[in-house]
$ cat final.txt   # compact mmCIF, N, CA and C atoms
# COMPACT_ATOMS: atom_id res chain seq x y z
N PRO I 1 0.80 -1.22 0.00
CA PRO I 1 0.00 0.00 0.00
C PRO I 1 0.84 1.28 0.00
N TYR I 2 2.15 1.16 -0.16
CA TYR I 2 3.04 2.33 -0.16
C TYR I 2 3.55 2.59 -1.56
N PRO I 3 3.74 3.85 -1.93
CA PRO I 3 4.21 4.17 -3.29
C PRO I 3 5.56 3.55 -3.62
N GLN I 4 6.38 3.29 -2.59
CA GLN I 4 7.71 2.73 -2.82
C GLN I 4 7.67 1.23 -3.11
N ASP I 5 6.57 0.57 -2.78
CA ASP I 5 6.48 -0.88 -3.00
C ASP I 5 6.63 -1.21 -4.48
N GLY I 6 7.52 -2.15 -4.76
CA GLY I 6 7.77 -2.56 -6.12
C GLY I 6 8.89 -1.79 -6.80
N THR I 7 9.46 -0.81 -6.09
CA THR I 7 10.55 -0.04 -6.69
C THR I 7 11.86 -0.80 -6.62
N VAL I 8 12.80 -0.36 -7.42
CA VAL I 8 14.11 -1.02 -7.47
C VAL I 8 14.84 -0.84 -6.15
N PHE I 9 15.35 -1.94 -5.62
CA PHE I 9 16.23 -1.93 -4.45
C PHE I 9 17.65 -1.96 -4.98
N GLU I 10 18.45 -0.97 -4.63
CA GLU I 10 19.76 -0.81 -5.24
C GLU I 10 20.88 -1.56 -4.53
N ASN I 11 20.60 -2.16 -3.39
CA ASN I 11 21.62 -2.94 -2.66
C ASN I 11 22.86 -2.09 -2.34
N ARG I 12 22.64 -0.83 -1.99
CA ARG I 12 23.74 0.07 -1.67
C ARG I 12 24.58 -0.43 -0.50
N GLU I 13 23.94 -1.18 0.40
CA GLU I 13 24.63 -1.72 1.56
C GLU I 13 25.59 -2.84 1.17
N GLY I 14 25.34 -3.45 0.01
CA GLY I 14 26.21 -4.52 -0.48
C GLY I 14 26.07 -5.83 0.26
N ILE I 15 24.98 -6.01 0.98
CA ILE I 15 24.79 -7.24 1.76
C ILE I 15 24.29 -8.38 0.89
N LEU I 16 23.40 -8.08 -0.04
CA LEU I 16 22.88 -9.11 -0.94
C LEU I 16 23.90 -9.38 -2.04
N PRO I 17 23.78 -10.53 -2.73
CA PRO I 17 24.69 -10.79 -3.84
C PRO I 17 24.67 -9.65 -4.86
N ASP I 18 25.82 -9.33 -5.39
CA ASP I 18 25.95 -8.23 -6.34
C ASP I 18 25.28 -8.59 -7.66
N CYS I 19 24.33 -7.78 -8.08
CA CYS I 19 23.62 -7.99 -9.34
C CYS I 19 23.42 -6.64 -10.02
N GLU I 20 23.03 -6.68 -11.28
CA GLU I 20 22.83 -5.45 -12.03
C GLU I 20 21.68 -4.64 -11.44
N THR I 21 21.74 -3.32 -11.65
CA THR I 21 20.67 -2.44 -11.19
C THR I 21 19.35 -2.88 -11.80
N GLY I 22 18.33 -2.94 -10.99
CA GLY I 22 17.01 -3.37 -11.44
C GLY I 22 16.72 -4.83 -11.14
N TYR I 23 17.73 -5.56 -10.67
CA TYR I 23 17.56 -6.98 -10.37
C TYR I 23 16.65 -7.19 -9.16
N TYR I 24 16.82 -6.34 -8.14
CA TYR I 24 16.06 -6.47 -6.89
C TYR I 24 14.96 -5.42 -6.81
N HIS I 25 13.85 -5.80 -6.16
CA HIS I 25 12.75 -4.88 -5.88
C HIS I 25 12.34 -5.04 -4.41
N GLU I 26 11.86 -3.95 -3.83
CA GLU I 26 11.52 -4.00 -2.41
C GLU I 26 10.03 -3.76 -2.16
N TYR I 27 9.57 -4.33 -1.04
CA TYR I 27 8.17 -4.22 -0.63
C TYR I 27 8.12 -4.04 0.89
N THR I 28 7.19 -3.24 1.35
CA THR I 28 7.03 -2.97 2.77
C THR I 28 6.33 -4.13 3.47
N VAL I 29 6.84 -4.48 4.64
CA VAL I 29 6.15 -5.40 5.54
C VAL I 29 5.63 -4.53 6.68
N PRO I 30 4.31 -4.47 6.89
CA PRO I 30 3.78 -3.58 7.94
C PRO I 30 4.43 -3.84 9.30
N THR I 31 4.71 -2.74 9.99
CA THR I 31 5.29 -2.80 11.32
C THR I 31 4.23 -2.29 12.30
N PRO I 32 3.73 -3.17 13.17
CA PRO I 32 2.71 -2.73 14.13
C PRO I 32 3.18 -1.53 14.95
N GLY I 33 2.31 -0.54 15.09
CA GLY I 33 2.61 0.64 15.88
C GLY I 33 3.42 1.70 15.17
N SER I 34 3.87 1.43 13.95
CA SER I 34 4.67 2.41 13.21
C SER I 34 3.74 3.36 12.46
N HIS I 35 4.10 4.64 12.46
CA HIS I 35 3.29 5.63 11.76
C HIS I 35 3.82 5.92 10.36
N ASP I 36 4.90 5.21 9.99
CA ASP I 36 5.42 5.31 8.63
C ASP I 36 5.66 3.90 8.12
N ARG I 37 6.50 3.72 7.15
CA ARG I 37 6.73 2.38 6.60
C ARG I 37 7.39 1.44 7.59
N GLY I 38 8.06 1.97 8.57
CA GLY I 38 8.76 1.12 9.52
C GLY I 38 10.00 0.49 8.90
N PRO I 39 10.69 -0.40 9.63
CA PRO I 39 11.96 -0.95 9.17
C PRO I 39 11.88 -2.26 8.38
N ARG I 40 10.71 -2.85 8.31
CA ARG I 40 10.59 -4.19 7.72
C ARG I 40 10.38 -4.14 6.21
N ARG I 41 11.15 -5.00 5.49
CA ARG I 41 11.00 -5.07 4.04
C ARG I 41 11.20 -6.50 3.54
N LEU I 42 10.58 -6.79 2.43
CA LEU I 42 10.90 -7.97 1.63
C LEU I 42 11.59 -7.46 0.38
N VAL I 43 12.64 -8.15 -0.01
CA VAL I 43 13.35 -7.81 -1.25
C VAL I 43 13.33 -9.05 -2.13
N THR I 44 12.89 -8.88 -3.36
CA THR I 44 12.81 -10.00 -4.30
C THR I 44 13.87 -9.84 -5.38
N GLY I 45 14.36 -10.98 -5.87
CA GLY I 45 15.29 -11.00 -6.98
C GLY I 45 14.61 -11.56 -8.22
N GLN I 46 15.19 -11.33 -9.38
CA GLN I 46 14.59 -11.78 -10.63
C GLN I 46 14.53 -13.30 -10.77
N ARG I 47 15.32 -14.02 -10.00
CA ARG I 47 15.29 -15.49 -10.05
C ARG I 47 14.49 -16.07 -8.90
N SER I 48 13.52 -15.30 -8.41
CA SER I 48 12.60 -15.72 -7.33
C SER I 48 13.24 -15.77 -5.96
N GLU I 49 14.42 -15.15 -5.77
CA GLU I 49 14.98 -15.07 -4.43
C GLU I 49 14.09 -14.16 -3.59
N LEU I 50 14.04 -14.43 -2.30
CA LEU I 50 13.24 -13.62 -1.40
C LEU I 50 14.03 -13.41 -0.11
N TYR I 51 14.22 -12.15 0.25
CA TYR I 51 14.98 -11.78 1.44
C TYR I 51 14.11 -10.92 2.34
N TYR I 52 14.30 -11.06 3.65
CA TYR I 52 13.59 -10.25 4.63
C TYR I 52 14.59 -9.47 5.47
N THR I 53 14.27 -8.21 5.73
CA THR I 53 15.03 -7.42 6.69
C THR I 53 14.05 -6.81 7.69
N GLY I 54 14.35 -6.95 8.96
CA GLY I 54 13.54 -6.35 10.00
C GLY I 54 14.20 -5.13 10.60
N ASP I 55 15.38 -4.78 10.07
CA ASP I 55 16.16 -3.69 10.63
C ASP I 55 16.60 -2.68 9.56
N HIS I 56 15.75 -2.47 8.58
CA HIS I 56 15.97 -1.49 7.52
C HIS I 56 17.32 -1.65 6.83
N TYR I 57 17.53 -2.84 6.28
CA TYR I 57 18.68 -3.18 5.43
C TYR I 57 19.99 -3.36 6.18
N GLU I 58 19.97 -3.44 7.51
CA GLU I 58 21.21 -3.71 8.26
C GLU I 58 21.62 -5.17 8.08
N SER I 59 20.61 -6.05 7.98
CA SER I 59 20.86 -7.48 7.80
C SER I 59 19.68 -8.08 7.05
N PHE I 60 19.92 -9.25 6.46
CA PHE I 60 18.86 -9.95 5.72
C PHE I 60 18.87 -11.42 6.07
N VAL I 61 17.71 -12.05 5.96
CA VAL I 61 17.60 -13.50 6.03
C VAL I 61 16.92 -13.97 4.75
N VAL I 62 17.30 -15.15 4.30
CA VAL I 62 16.67 -15.74 3.12
C VAL I 62 15.33 -16.34 3.55
N VAL I 63 14.30 -16.06 2.79
CA VAL I 63 12.97 -16.60 3.05
C VAL I 63 12.72 -17.71 2.04
N ASP I 64 12.32 -18.87 2.52
CA ASP I 64 11.97 -19.98 1.63
C ASP I 64 10.45 -20.07 1.61
N PRO I 65 9.79 -19.55 0.56
CA PRO I 65 8.34 -19.57 0.52
C PRO I 65 7.76 -20.97 0.38
N HIS I 66 8.59 -21.96 0.11
CA HIS I 66 8.11 -23.32 -0.06
C HIS I 66 8.31 -24.16 1.20
N GLY I 67 8.99 -23.60 2.20
CA GLY I 67 9.35 -24.34 3.39
C GLY I 67 8.38 -24.14 4.46

$ encode --input "final.txt" --output "structure tokens"
Amino acid sequence: PYPQDGTVFENREGILPDCETGYYHEYTVPTPGSHDRGPRRLVTGQRSELYYTGDHYESFVVVDPHG
């Protein structure tokens, strides 16, 4: 529901594998009690990779949607 959802994630932090610009896209995960987007995001890759950050890109975990 945020205008930034679906926009290119540039991986400026360099934590995710290095890929060409436009490879990753980000989406907001609602944060209870937050009055803005909060720190939670899902980042998707073009090969169906899915990453979650709960600390606004400080760290990521791989999400297995099939597990």

$ closest_residue --input "final.txt" --among "I:His66, I:Val29, I:Asp36, I:Val8" --to "Tyr52 of chain I" --atoms "only C-alpha atoms"
I:Val29

$ closest_residue --input "final.txt" --among "I:Gly14, I:Gly45, I:Pro1, I:Gly38" --to "Glu26 of chain I" --atoms "only C-alpha atoms"
I:Gly45

$ atom_distance --input "final.txt" --atom1 "atom N of Gly54 of chain I" --atom2 "atom CA of Glu20 of chain I"
22.7 Å

$ closest_residue --input "final.txt" --among "I:Gln4, I:Thr31, I:Gly22, I:Phe9" --to "Gln46 of chain I" --atoms "all atoms listed in the file"
I:Gly22

$ select_by_dssp --input "final.txt" --residues "chain I" --states "strand (DSSP E)" --output "list in words"
Thr7, Val8, Phe9, Tyr24, His25, Glu26, Tyr27, Thr28, Arg41, Leu42, Val43, Thr44, Leu50, Tyr51, Tyr52, Thr53, Val61 and Val62 of chain I

$ axis_aligned_box --input "final.txt" --around "segment 21-35 of chain I" --padding-each-side "8 Å" --output "AutoDock Vina command-line options"
--center_x 12.0 --center_y -0.6 --center_z 2.0 --size_x 35.4 --size_y 29.1 --size_z 43.7

$ residues_around --input "final.txt" --residues "Val62 of chain I" --least-positions-apart "6" --cutoff "8 Å" --atoms "all atoms listed in the file" --output "PyMOL selection string"
chain I and resi 49-53

$ atom_distance --input "final.txt" --atom1 "atom C of Arg41 of chain I" --atom2 "atom C of His56 of chain I"
8.5 Å

$ atom_distance --input "final.txt" --atom1 "atom CA of Asp64 of chain I" --atom2 "atom C of His35 of chain I"
28.5 Å
